[in-house]
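Source file work_32.tsv; content: TSV, C-alpha atoms.
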chain	number	residue	atom	x	y	z
M	8	MET	CA	-3.85	35.34	6.50
M	9	THR	CA	-1.05	33.68	8.49
M	10	VAL	CA	-0.40	30.02	7.71
M	11	ALA	CA	1.31	27.93	10.38
M	12	LEU	CA	4.11	25.93	8.75
M	13	GLU	CA	6.01	24.99	11.89
M	14	PHE	CA	4.70	22.21	14.12
M	15	SER	CA	6.17	23.39	17.41
M	16	GLU	CA	4.33	21.70	20.31
M	17	LYS	CA	2.23	19.63	17.87
M	18	ILE	CA	1.96	15.90	18.56
M	19	ALA	CA	1.81	13.24	15.83
M	20	VAL	CA	1.25	9.49	15.87
M	21	ILE	CA	2.80	7.54	12.99
M	22	THR	CA	2.07	3.85	12.46
M	23	GLY	CA	4.79	1.84	10.76
M	24	GLY	CA	7.03	4.58	12.11
M	25	GLY	CA	10.27	2.63	12.38
M	26	THR	CA	11.23	2.37	8.71
M	27	GLY	CA	10.62	3.69	5.19
M	28	VAL	CA	7.93	6.31	4.69
M	29	GLY	CA	7.00	6.27	8.37
M	30	LEU	CA	10.53	7.06	9.49
M	31	ALA	CA	11.05	9.69	6.76
M	32	THR	CA	7.83	11.36	7.87
M	33	ALA	CA	8.91	11.24	11.50
M	34	LYS	CA	12.18	13.00	10.61
M	35	PHE	CA	10.44	15.63	8.49
M	36	LEU	CA	7.87	16.42	11.19
M	37	ALA	CA	10.52	16.43	13.92
M	38	GLU	CA	12.48	19.02	11.94
M	39	LYS	CA	9.33	21.17	12.07
M	40	GLY	CA	9.23	20.85	15.87
M	41	CYS	CA	6.65	18.07	16.13
M	42	GLN	CA	6.61	15.63	19.06
M	43	LEU	CA	6.21	12.02	17.98
M	44	ALA	CA	4.63	8.73	19.01
M	45	LEU	CA	5.85	5.95	16.72
M	46	ILE	CA	3.97	2.64	16.48
M	47	GLY	CA	5.31	-0.55	14.92
M	48	ARG	CA	5.61	-4.28	15.31
M	49	ARG	CA	9.38	-4.45	15.81
M	50	ILE	CA	10.66	-2.71	18.91
M	51	GLU	CA	14.28	-2.89	17.69
M	52	LYS	CA	13.40	-0.81	14.60
M	53	LEU	CA	11.45	1.65	16.72
M	54	ASP	CA	14.36	2.03	19.12
M	55	GLU	CA	16.71	2.64	16.18
M	56	ALA	CA	14.33	5.29	14.88
M	57	LYS	CA	14.11	6.97	18.29
M	58	ASN	CA	17.89	7.06	18.63
M	59	GLY	CA	18.23	8.47	15.12
M	60	LEU	CA	15.78	11.25	15.92
M	61	LYS	CA	17.51	12.30	19.15
M	62	PRO	CA	19.77	14.90	17.46
M	63	LEU	CA	16.65	16.77	16.34
M	64	GLY	CA	15.83	17.48	19.98
M	65	THR	CA	12.17	16.51	19.90
M	66	HIS	CA	10.19	14.33	22.31
M	67	VAL	CA	9.79	10.83	20.83
M	68	GLU	CA	8.08	7.81	22.36
M	69	VAL	CA	7.83	4.38	20.73
M	70	PHE	CA	5.14	1.74	21.14
M	71	ALA	CA	5.39	-1.85	19.94
M	72	GLY	CA	2.13	-3.43	18.88
M	73	ASP	CA	-0.02	-4.67	16.02
M	74	VAL	CA	-2.53	-2.19	14.57
M	75	ASN	CA	-4.49	-5.20	13.34
M	76	LYS	CA	-5.32	-6.03	16.98
M	77	ASP	CA	-7.97	-3.92	18.67
M	78	SER	CA	-6.57	-4.57	22.15
M	79	ASP	CA	-3.05	-3.49	21.11
M	80	VAL	CA	-4.34	-0.26	19.59
M	81	TRP	CA	-6.49	0.57	22.60
M	82	THR	CA	-3.58	-0.06	25.00
M	83	ILE	CA	-1.11	1.99	22.94
M	84	PHE	CA	-3.40	4.99	22.70
M	85	GLN	CA	-4.02	4.87	26.44
M	86	LYS	CA	-0.24	5.16	26.87
M	87	ILE	CA	-0.09	7.97	24.30
M	88	TYR	CA	-2.72	9.88	26.24
M	89	LYS	CA	-0.74	9.36	29.46
M	90	ASP	CA	2.52	10.54	27.83
M	91	PHE	CA	1.22	13.42	25.71
M	92	GLY	CA	-2.28	14.30	26.95
M	93	ARG	CA	-3.66	15.10	23.49
M	94	LEU	CA	-3.04	14.56	19.78
M	95	ASP	CA	-2.86	16.80	16.70
M	96	PHE	CA	-1.96	14.45	13.85
M	97	LEU	CA	-2.27	10.79	12.88
M	98	VAL	CA	-0.45	9.16	9.96
M	99	ASN	CA	-1.84	5.70	9.21
M	100	ASN	CA	1.15	4.27	7.37
M	101	ALA	CA	1.25	0.61	8.45
M	102	GLY	CA	0.74	-1.94	5.70
M	103	ILE	CA	1.89	-5.31	4.40
M	104	ASN	CA	2.64	-6.47	0.84
M	105	LYS	CA	3.28	-10.21	0.45
M	106	TYR	CA	4.57	-10.18	-3.17
M	107	LYS	CA	3.43	-13.72	-4.02
M	108	LYS	CA	2.61	-15.57	-7.22
M	109	VAL	CA	-1.11	-16.16	-7.77
M	110	GLU	CA	-0.81	-19.88	-7.11
M	111	GLU	CA	0.96	-19.20	-3.79
M	112	ILE	CA	-1.61	-16.83	-2.25
M	113	THR	CA	-3.16	-18.14	0.97
M	114	ALA	CA	-6.14	-17.12	3.05
M	115	SER	CA	-3.84	-15.86	5.80
M	116	ASP	CA	-1.99	-13.67	3.27
M	117	ILE	CA	-5.27	-12.07	2.19
M	118	ASP	CA	-6.48	-11.60	5.75
M	119	GLU	CA	-3.23	-9.99	6.87
M	120	GLU	CA	-2.79	-7.64	3.91
M	121	ILE	CA	-6.35	-6.39	3.98
M	122	SER	CA	-6.88	-6.28	7.73
M	123	VAL	CA	-3.62	-4.57	8.69
M	124	LYS	CA	-4.48	-1.69	6.37
M	125	SER	CA	-8.24	-1.53	6.94
M	126	ARG	CA	-8.48	-2.48	10.60
M	127	GLY	CA	-5.37	-0.43	11.33
M	128	ILE	CA	-6.93	2.70	9.88
M	129	ILE	CA	-10.25	2.08	11.60
M	130	PHE	CA	-8.85	1.22	15.04
M	131	CYS	CA	-6.20	3.97	15.09
M	132	THR	CA	-8.57	6.63	13.75
M	133	ARG	CA	-11.19	5.67	16.32
M	134	GLU	CA	-8.74	6.02	19.21
M	135	ALA	CA	-6.89	9.06	17.84
M	136	SER	CA	-10.10	11.01	17.28
M	137	LYS	CA	-10.83	10.78	21.00
M	138	LEU	CA	-7.65	12.75	21.70
M	139	MET	CA	-7.97	15.22	18.82
M	140	HIS	CA	-9.45	18.70	18.62
M	141	GLU	CA	-10.63	21.21	16.03
M	142	GLY	CA	-7.90	21.64	13.43
M	143	SER	CA	-6.42	18.17	13.84
M	144	ALA	CA	-5.65	16.10	10.74
M	145	ILE	CA	-5.30	12.48	9.68
M	146	VAL	CA	-3.43	11.16	6.64
M	147	ASN	CA	-3.76	7.57	5.40
M	148	ILE	CA	-0.99	6.12	3.22
M	149	THR	CA	-2.46	4.12	0.35
M	150	SER	CA	-1.02	3.23	-3.07
M	151	VAL	CA	-1.32	3.79	-6.80
M	152	THR	CA	-2.21	0.09	-6.98
M	153	ALA	CA	-5.61	1.02	-5.52
M	154	PHE	CA	-6.34	2.67	-8.89
M	155	LEU	CA	-4.36	0.51	-11.32
M	156	GLY	CA	-4.50	-2.90	-9.68
M	157	GLY	CA	-1.55	-4.70	-8.17
M	158	GLN	CA	0.25	-7.35	-10.16
M	159	SER	CA	2.58	-8.05	-7.23
M	160	SER	CA	-0.32	-8.55	-4.82
M	161	PRO	CA	-4.03	-8.27	-5.65
M	162	ALA	CA	-4.92	-8.27	-1.95
M	163	TYR	CA	-2.55	-5.36	-1.31
M	164	ALA	CA	-4.21	-3.38	-4.09
M	165	ALA	CA	-7.65	-4.20	-2.69
M	166	ALA	CA	-6.55	-3.16	0.80
M	167	ASN	CA	-5.42	0.23	-0.47
M	168	ALA	CA	-8.63	0.74	-2.45
M	169	ALA	CA	-10.47	0.15	0.82
M	170	ALA	CA	-8.15	2.64	2.53
M	171	ASN	CA	-9.09	5.36	0.03
M	172	ASN	CA	-12.76	4.68	0.71
M	173	LEU	CA	-12.15	4.78	4.47
M	174	THR	CA	-10.51	8.16	3.96
M	175	LYS	CA	-13.73	9.53	2.49
M	176	SER	CA	-15.87	7.85	5.12
M	177	PHE	CA	-13.88	9.21	8.06
M	178	ALA	CA	-13.69	12.65	6.45
M	179	GLN	CA	-17.48	12.65	6.57
M	180	LYS	CA	-17.73	11.21	10.08
M	181	LEU	CA	-15.15	13.56	11.64
M	182	ALA	CA	-16.09	16.76	9.83
M	183	GLY	CA	-18.34	17.71	12.73
M	184	GLN	CA	-15.27	17.70	14.99
M	185	LYS	CA	-13.40	19.86	12.44
M	186	ILE	CA	-10.90	17.03	11.88
M	187	ARG	CA	-9.65	16.66	8.32
M	188	VAL	CA	-8.93	13.21	6.81
M	189	ASN	CA	-6.96	12.75	3.59
M	190	ALA	CA	-4.75	10.15	1.90
M	191	VAL	CA	-1.48	9.99	-0.01
M	192	ALA	CA	-1.22	7.39	-2.77
M	193	PRO	CA	2.43	6.92	-3.77
M	194	GLY	CA	3.78	5.02	-6.73
M	195	PHE	CA	6.96	2.97	-6.37
M	196	ILE	CA	9.15	4.07	-3.44
M	197	PHE	CA	12.80	3.24	-2.82
M	198	PRO	CA	14.11	2.35	-0.33
M	199	THR	CA	11.48	0.83	1.96
M	200	GLY	CA	11.15	-2.47	3.78
M	201	PHE	CA	9.34	-3.77	0.69
M	202	THR	CA	11.85	-2.56	-1.89
M	203	GLN	CA	15.28	-2.26	-0.28
M	204	ASN	CA	16.57	-5.48	-1.89
M	205	TYR	CA	15.58	-4.60	-5.48
M	206	ASP	CA	18.46	-4.84	-7.93
M	207	PRO	CA	19.62	-1.73	-9.86
M	208	GLU	CA	18.33	-2.99	-13.20
M	209	LYS	CA	14.80	-3.45	-11.87
M	210	LEU	CA	14.92	0.00	-10.26
M	211	LYS	CA	15.97	1.49	-13.60
M	212	LYS	CA	12.97	-0.09	-15.36
M	213	LEU	CA	10.61	1.15	-12.64
M	214	ALA	CA	12.03	4.66	-12.93
M	215	GLU	CA	11.22	4.71	-16.66
M	216	VAL	CA	7.49	4.34	-15.87
M	217	SER	CA	7.43	7.80	-14.27
M	218	LEU	CA	7.30	10.94	-16.39
M	219	MET	CA	10.07	12.26	-14.15
M	220	LYS	CA	12.21	9.18	-14.88
M	221	ARG	CA	12.96	8.38	-11.27
M	222	VAL	CA	11.35	6.49	-8.43
M	223	ALA	CA	10.02	8.25	-5.35
M	224	SER	CA	12.05	8.55	-2.19
M	225	PRO	CA	10.39	8.18	1.22
M	226	GLU	CA	11.08	11.91	1.65
M	227	ASP	CA	8.95	12.71	-1.43
M	228	VAL	CA	6.00	11.07	0.29
M	229	ALA	CA	6.80	12.69	3.64
M	230	LYS	CA	6.55	16.15	2.06
M	231	ALA	CA	3.08	15.35	0.71
M	232	ILE	CA	2.02	14.10	4.14
M	233	TYR	CA	3.30	17.33	5.70
M	234	PHE	CA	1.25	19.38	3.24
M	235	LEU	CA	-1.95	17.49	4.11
M	236	LEU	CA	-1.32	17.81	7.85
M	237	SER	CA	-0.47	21.50	7.71
M	238	ASP	CA	-2.67	24.58	7.46
M	239	LEU	CA	-1.68	24.79	3.78
M	240	SER	CA	-4.44	22.23	3.16
M	241	SER	CA	-6.96	23.60	5.66
M	242	TYR	CA	-9.85	23.37	3.16
M	243	ILE	CA	-9.01	19.90	1.85
M	244	THR	CA	-10.62	16.75	3.26
M	245	GLY	CA	-11.64	13.38	1.86
M	246	HIS	CA	-9.01	13.71	-0.87
M	247	THR	CA	-6.37	11.26	-2.11
M	248	LEU	CA	-3.19	12.99	-3.27
M	249	HIS	CA	-1.21	11.10	-5.93
M	250	VAL	CA	2.57	11.12	-5.54
M	251	ASN	CA	3.91	9.10	-8.46
M	252	GLY	CA	5.81	11.43	-10.79
M	253	GLY	CA	3.05	11.31	-13.39
M	254	TYR	CA	2.82	7.53	-13.64
M	255	TYR	CA	-0.89	7.74	-12.91
M	256	MET	CA	-2.98	10.90	-13.38
M	257	ASN	CA	-6.48	11.42	-12.05
Give the structure from the file, written as structure tokens.
Amino acid sequence: MTVALEFSEKIAVITGGGTGVGLATAKFLAEKGCQLALIGRRIEKLDEAKNGLKPLGTHVEVFAGDVNKDSDVWTIFQKIYKDFGRLDFLVNNAGINKYKKVEEITASDIDEEISVKSRGIIFCTREASKLMHEGSAIVNITSVTAFLGGQSSPAYAAANAAANNLTKSFAQKLAGQKIRVNAVAPGFIFPTGFTQNYDPEKLKKLAEVSLMKRVASPEDVAKAIYFLLSDLSSYITGHTLHVNGGYYMN
């Protein structure tokens, strides 16, 4: 049996595509020949990402918008359809972590953390599935905090637990279209927009938690995403893949 490992002429949408895991995934997929539509809130970061991907010679379009807003998502995917005509892959990477003390948590913090992840997955999956075909794949980025709890942000942990459940639900709903839906649950990642300002001593302590005695890079997560998008995982759906160096085992 021949397994397709190159993504030549494939088209992927990545939310939160301007930085961190989203950008690392964009680079990895572009190196495999994939065309890209990157979604994010900050157009300057998206433009930087697009310019950085130019040497790879792939077609990249960027779309500024909020995946928490139904109207933004609908408008962006209409533009994606106009630019690309179809879609093979969706990576739901967008998320927010407020990192607040318990006494500082507000209702707006909770709403934003939970809705950006949950509504983002729901809205983007709904629109992407209209453009997808048999053999397409979706990967949702969640977190180890969904399984262990999140001391830094309980709402963030809850949002990612919901994302894992949405992964199972959409795997069931889209199975009839032969679209696979899986998730990647990383542990601590450095550097990302959340973690880029961590001091070396804190990073060292976080590395000790892993059996491999290091923290994950965005590229570590990108490789797992690639596996779940590719034909290597053609009989896997509704699954959450842990990428944490043995910090949490399930």
Ref. answer, residues at most 9 Å from (-4.2, 5.9, 7.1) with only C-alpha atoms, as a PyMOL selection string | chain M and resi 22+97-101+124-125+127-129+131-132+145-149+170-171+173-174+188-191
Got a sec to check which residues sit within 8 Å of (2.4, 21.3, 7.3), counting all atoms listed in the file, and write them as a ChimeraX atom specification?
-> /M:11-14,232-239
Contacts of region 74-85 of chain M within 12 Å, only C-alpha atoms, excl. fewer than 5 positions in-chain, as an mmCIF file with C-alpha atoms, in the frame of the given file:
data_model
loop_
_atom_site.group_PDB
_atom_site.id
_atom_site.type_symbol
_atom_site.label_atom_id
_atom_site.label_comp_id
_atom_site.auth_asym_id
_atom_site.auth_seq_id
_atom_site.Cartn_x
_atom_site.Cartn_y
_atom_site.Cartn_z
ATOM 1 C CA ALA M 19 1.810 13.240 15.830
ATOM 2 C CA VAL M 20 1.250 9.490 15.870
ATOM 3 C CA ILE M 21 2.800 7.540 12.990
ATOM 4 C CA THR M 22 2.070 3.850 12.460
ATOM 5 C CA GLY M 23 4.790 1.840 10.760
ATOM 6 C CA GLY M 24 7.030 4.580 12.110
ATOM 7 C CA ALA M 44 4.630 8.730 19.010
ATOM 8 C CA LEU M 45 5.850 5.950 16.720
ATOM 9 C CA ILE M 46 3.970 2.640 16.480
ATOM 10 C CA GLY M 47 5.310 -0.550 14.920
ATOM 11 C CA ARG M 48 5.610 -4.280 15.310
ATOM 12 C CA GLU M 68 8.080 7.810 22.360
ATOM 13 C CA VAL M 69 7.830 4.380 20.730
ATOM 14 C CA ASP M 90 2.520 10.540 27.830
ATOM 15 C CA PHE M 91 1.220 13.420 25.710
ATOM 16 C CA GLY M 92 -2.280 14.300 26.950
ATOM 17 C CA ARG M 93 -3.660 15.100 23.490
ATOM 18 C CA LEU M 94 -3.040 14.560 19.780
ATOM 19 C CA LEU M 97 -2.270 10.790 12.880
ATOM 20 C CA ASN M 99 -1.840 5.700 9.210
ATOM 21 C CA ASN M 100 1.150 4.270 7.370
ATOM 22 C CA ALA M 101 1.250 0.610 8.450
ATOM 23 C CA GLY M 102 0.740 -1.940 5.700
ATOM 24 C CA ILE M 103 1.890 -5.310 4.400
ATOM 25 C CA ASP M 118 -6.480 -11.600 5.750
ATOM 26 C CA GLU M 119 -3.230 -9.990 6.870
ATOM 27 C CA GLU M 120 -2.790 -7.640 3.910
ATOM 28 C CA ILE M 121 -6.350 -6.390 3.980
ATOM 29 C CA SER M 122 -6.880 -6.280 7.730
ATOM 30 C CA VAL M 123 -3.620 -4.570 8.690
ATOM 31 C CA LYS M 124 -4.480 -1.690 6.370
ATOM 32 C CA SER M 125 -8.240 -1.530 6.940
ATOM 33 C CA ARG M 126 -8.480 -2.480 10.600
ATOM 34 C CA GLY M 127 -5.370 -0.430 11.330
ATOM 35 C CA ILE M 128 -6.930 2.700 9.880
ATOM 36 C CA ILE M 129 -10.250 2.080 11.600
ATOM 37 C CA PHE M 130 -8.850 1.220 15.040
ATOM 38 C CA CYS M 131 -6.200 3.970 15.090
ATOM 39 C CA THR M 132 -8.570 6.630 13.750
ATOM 40 C CA ARG M 133 -11.190 5.670 16.320
ATOM 41 C CA GLU M 134 -8.740 6.020 19.210
ATOM 42 C CA ALA M 135 -6.890 9.060 17.840
ATOM 43 C CA SER M 136 -10.100 11.010 17.280
ATOM 44 C CA LYS M 137 -10.830 10.780 21.000
ATOM 45 C CA LEU M 138 -7.650 12.750 21.700
ATOM 46 C CA MET M 139 -7.970 15.220 18.820
#
From CA of Ala56 (chain M) to CA of Leu30 (chain M) the spacing works out at 6.8 Å
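Separating CA of Lys39 (chain M) from CA of Gly142 (chain M) is a distance of 17.3 Å.
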Could you extract region 27-40 of chain M of the given structure into a file holding N, CA, C and O atoms, as a tab-separated table (two decimals), in the first residue's frame?
chain	number	residue	atom	x	y	z
M	27	GLY	N	3.84	30.78	17.20
M	27	GLY	CA	3.88	29.56	17.99
M	27	GLY	C	3.62	28.29	17.21
M	27	GLY	O	4.19	28.06	16.13
M	28	VAL	N	2.76	27.44	17.77
M	28	VAL	CA	2.45	26.16	17.15
M	28	VAL	C	1.82	26.34	15.77
M	28	VAL	O	2.12	25.59	14.84
M	29	GLY	N	0.97	27.34	15.64
M	29	GLY	CA	0.33	27.58	14.34
M	29	GLY	C	1.34	27.87	13.25
M	29	GLY	O	1.27	27.32	12.14
M	30	LEU	N	2.30	28.73	13.55
M	30	LEU	CA	3.32	29.09	12.57
M	30	LEU	C	4.26	27.91	12.30
M	30	LEU	O	4.62	27.66	11.15
M	31	ALA	N	4.65	27.19	13.35
M	31	ALA	CA	5.51	26.01	13.16
M	31	ALA	C	4.83	24.98	12.28
M	31	ALA	O	5.45	24.35	11.42
M	32	THR	N	3.52	24.81	12.47
M	32	THR	CA	2.76	23.87	11.66
M	32	THR	C	2.68	24.35	10.21
M	32	THR	O	2.81	23.56	9.27
M	33	ALA	N	2.48	25.64	10.05
M	33	ALA	CA	2.43	26.21	8.70
M	33	ALA	C	3.74	25.94	7.96
M	33	ALA	O	3.74	25.53	6.79
M	34	LYS	N	4.87	26.14	8.63
M	34	LYS	CA	6.18	25.90	8.00
M	34	LYS	C	6.35	24.43	7.65
M	34	LYS	O	6.82	24.08	6.56
M	35	PHE	N	5.97	23.55	8.58
M	35	PHE	CA	6.15	22.12	8.35
M	35	PHE	C	5.30	21.66	7.17
M	35	PHE	O	5.77	20.91	6.30
M	36	LEU	N	4.05	22.10	7.11
M	36	LEU	CA	3.16	21.71	6.02
M	36	LEU	C	3.61	22.32	4.69
M	36	LEU	O	3.51	21.68	3.64
M	37	ALA	N	4.10	23.55	4.75
M	37	ALA	CA	4.58	24.20	3.53
M	37	ALA	C	5.77	23.44	2.95
M	37	ALA	O	5.90	23.31	1.72
M	38	GLU	N	6.64	22.94	3.82
M	38	GLU	CA	7.78	22.15	3.37
M	38	GLU	C	7.34	20.87	2.68
M	38	GLU	O	8.09	20.30	1.86
M	39	LYS	N	6.13	20.40	3.00
M	39	LYS	CA	5.57	19.21	2.36
M	39	LYS	C	4.77	19.55	1.10
M	39	LYS	O	4.16	18.68	0.49
M	40	GLY	N	4.75	20.85	0.74
M	40	GLY	CA	4.07	21.26	-0.49
M	40	GLY	C	2.67	21.79	-0.30
M	40	GLY	O	1.98	22.08	-1.28
